[in-house]
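This report refers to the structure that appears directly beneath it.
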Amino acid sequence: MEHYGWEVTVTDSGIVEDTNGRLWITTQNGLSVYDPKLQAFTNYSQYDGLISPHFYWNSAIKDAAGTIYLGSEAGLIEMIANNTETHYHGHLTFTKLMVDNQEAIAQSEYLKEDISVAKTIYLKEGHRSFSIDFSALDFGYEMQGVYSYRLKGFDNNWEVLKPGQHSVRYSALPAGNYTFEVKYKSVQTGEAGGSACY
């Protein structure tokens, strides 16, 4: 059993599993969907189109076709199984490079172009640390997405960041040529949002 820093009790929630294995959890404060594959939550409110953020006790059920019904104070909400109308439309890009705690800008010794379009980062052995920020430009849902990254030539395994994290820091790398890669997966849609690399 894993603990995620919050508690849901059967007395104030409805929980139902969809056809993709995600848990839909209704509460008095909105709707949460837990994806066990990503180990991440997506939270929905009226800003996302819910007719009410307040749900009745034990207010979630799934029919034989996989359609989920959620009972809110403002009426019944129908979630159609495998709804494909929502897609990730963001664009993964690098947004900031810091070298030895100083921001690197275009036309500097580190970058010939702006970080968002540059293909190469130039670092010397004396540069002790650098960090790179990135964004999926998935406006409204980026904090609920999951990034994975790796630095090929140093660590070839993909590392998954926690939802909401969008930067990586390295220090004391040995001299060499490396390729930094990052991928984004939208928790809202479950779709991969592409990748970017240097």
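Identifiers for the structure tokens are assigned positionally: chains receive A, B, ... in sequence, residues are indexed from 1 per chain, and ligands are indexed from 1 in the order shown.
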
task = With a distance cut-off of 9 Å and only C-alpha atoms, select the neighbouring residues of Thr93 in chain A, excluding the residue or stretch itself and same-chain residues fewer than 6 positions from it, and output the selection as a list in words.
result =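 Contacts, with the query itself left out: Ile115, Ser116, Val117, Asp133, Phe134, Ser135, Ala136, Leu137, Ser195 and Ala196 of chain A.
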
Could you save the residues just selected, with N, CA and C atoms, as an mmCIF file, in the first residue's frame?
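Wrote it out as again20.cif, contents follow:
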data_model
loop_
_atom_site.group_PDB
_atom_site.id
_atom_site.type_symbol
_atom_site.label_atom_id
_atom_site.label_comp_id
_atom_site.auth_asym_id
_atom_site.auth_seq_id
_atom_site.Cartn_x
_atom_site.Cartn_y
_atom_site.Cartn_z
ATOM 1 N N ILE A 115 17.254 29.759 -25.665
ATOM 2 C CA ILE A 115 17.146 28.383 -25.175
ATOM 3 C C ILE A 115 15.971 27.637 -25.806
ATOM 4 N N SER A 116 14.909 28.343 -26.175
ATOM 5 C CA SER A 116 13.723 27.685 -26.731
ATOM 6 C C SER A 116 13.952 27.140 -28.144
ATOM 7 N N VAL A 117 14.969 27.634 -28.838
ATOM 8 C CA VAL A 117 15.233 27.169 -30.211
ATOM 9 C C VAL A 117 16.650 26.624 -30.391
ATOM 10 N N ASP A 133 15.298 24.222 -17.369
ATOM 11 C CA ASP A 133 13.849 24.209 -17.165
ATOM 12 C C ASP A 133 13.182 23.924 -18.500
ATOM 13 N N PHE A 134 12.019 23.301 -18.429
ATOM 14 C CA PHE A 134 11.275 22.971 -19.642
ATOM 15 C C PHE A 134 9.787 23.100 -19.364
ATOM 16 N N SER A 135 9.009 23.213 -20.420
ATOM 17 C CA SER A 135 7.568 23.381 -20.293
ATOM 18 C C SER A 135 6.869 22.667 -21.436
ATOM 19 N N ALA A 136 5.750 22.050 -21.117
ATOM 20 C CA ALA A 136 4.942 21.404 -22.144
ATOM 21 C C ALA A 136 3.989 22.390 -22.806
ATOM 22 N N LEU A 137 3.895 23.587 -22.260
ATOM 23 C CA LEU A 137 2.962 24.594 -22.777
ATOM 24 C C LEU A 137 1.568 24.005 -22.924
ATOM 25 N N SER A 195 8.740 14.994 -27.283
ATOM 26 C CA SER A 195 10.012 15.048 -26.587
ATOM 27 C C SER A 195 10.859 16.149 -27.172
ATOM 28 N N ALA A 196 11.907 16.501 -26.440
ATOM 29 C CA ALA A 196 12.861 17.513 -26.900
ATOM 30 C C ALA A 196 14.232 17.091 -26.412
#

As number ranges by chain, please: the residues near Ser52 in chain A (cut-off 10 Å, only C-alpha atoms, same-chain neighbours under 3 positions excluded). A: 28-31, 45-47, 49, 55, 71-77

Leaving out range 104-112 of chain A and any residue of its chain fewer than 4 positions from it, which residues lie within 7 Å of it when counting only C-alpha atoms, given as a compact mmCIF listing (two decimals) with C-alpha atoms, in the first residue's frame?
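Saved to out36.txt:
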# COMPACT_ATOMS: atom_id res chain seq x y z
CA LEU A 97 19.30 27.46 -18.67
CA MET A 98 21.22 28.33 -15.51
CA VAL A 99 25.01 27.83 -15.39
CA ALA A 118 18.89 26.32 -29.50
CA ILE A 121 24.56 24.04 -25.13
CA TYR A 122 28.26 24.80 -24.70
CA LEU A 123 29.75 24.16 -21.25

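What separates CA of Glu103 in chain A from CA of His166 in chain A is a distance of 16.2 Å.
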
Q.
Under the rule that only C-alpha atoms are counted, which of A:Phe180, A:Ser131, A:Tyr149, A:Gly164 is the nearest residue to Lys119 in chain A?
A.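 Distance minimum relative to Lys119 in chain A lands on A:Phe180.
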
| request: Work out how far apart CA of Gly145 in chain A and CA of Glu78 in chain A are and give it in Å to one decimal. | output: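 It comes out at 24.1 Å.
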
- Item | Residue among A:Val33, A:Leu38, A:Ala65, A:Ala60 lying closest to Ser13 in chain A, counting only C-alpha atoms |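 Comparing A:Val33, A:Leu38, A:Ala65, A:Ala60 against Ser13 in chain A, the winner is A:Ala60.
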
Residues of range 17-134 of chain A classed as strand (DSSP E or B) by DSSP on the backbone are to be reported as a ChimeraX atom specification. /A:17,23-27,30-35,40-44,55-62,68-72,75-79,93-99,102-103,106,111,129-134

Problem - Contact residues around Tyr147 in chain A with only C-alpha atoms at 9 Å, ignoring same-chain residues under 5 positions, as a count of residues only - result: 14

Item to check | Option closest in space to Pro174 in chain A, from A:Gln102, A:Ser129, A:Thr26, A:Gly14 [counting only C-alpha atoms] | outcome: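 Looking at the shortest contact to Pro174 in chain A, the residue is A:Ser129.
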
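In terms of minimum interatomic distance to Trp57 in chain A, A:Ile25 ranks closest within A:Ile25, A:Ile80, A:Leu173, A:Ala40, counting only C-alpha atoms.
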
Close residues, Lys37 in chain A itself excluded, 12 Å, only C-alpha atoms, min 3 positions apart in chain, as a list in words: Asn20, Gly21, Arg22, Leu23, Tyr34, Ala40, Phe41, Val146, Val160, Lys185, Val187 and Gly190 of chain A

Taken to one decimal, the CA of Phe94 in chain A-CA of Arg150 in chain A distance is 14.3 Å
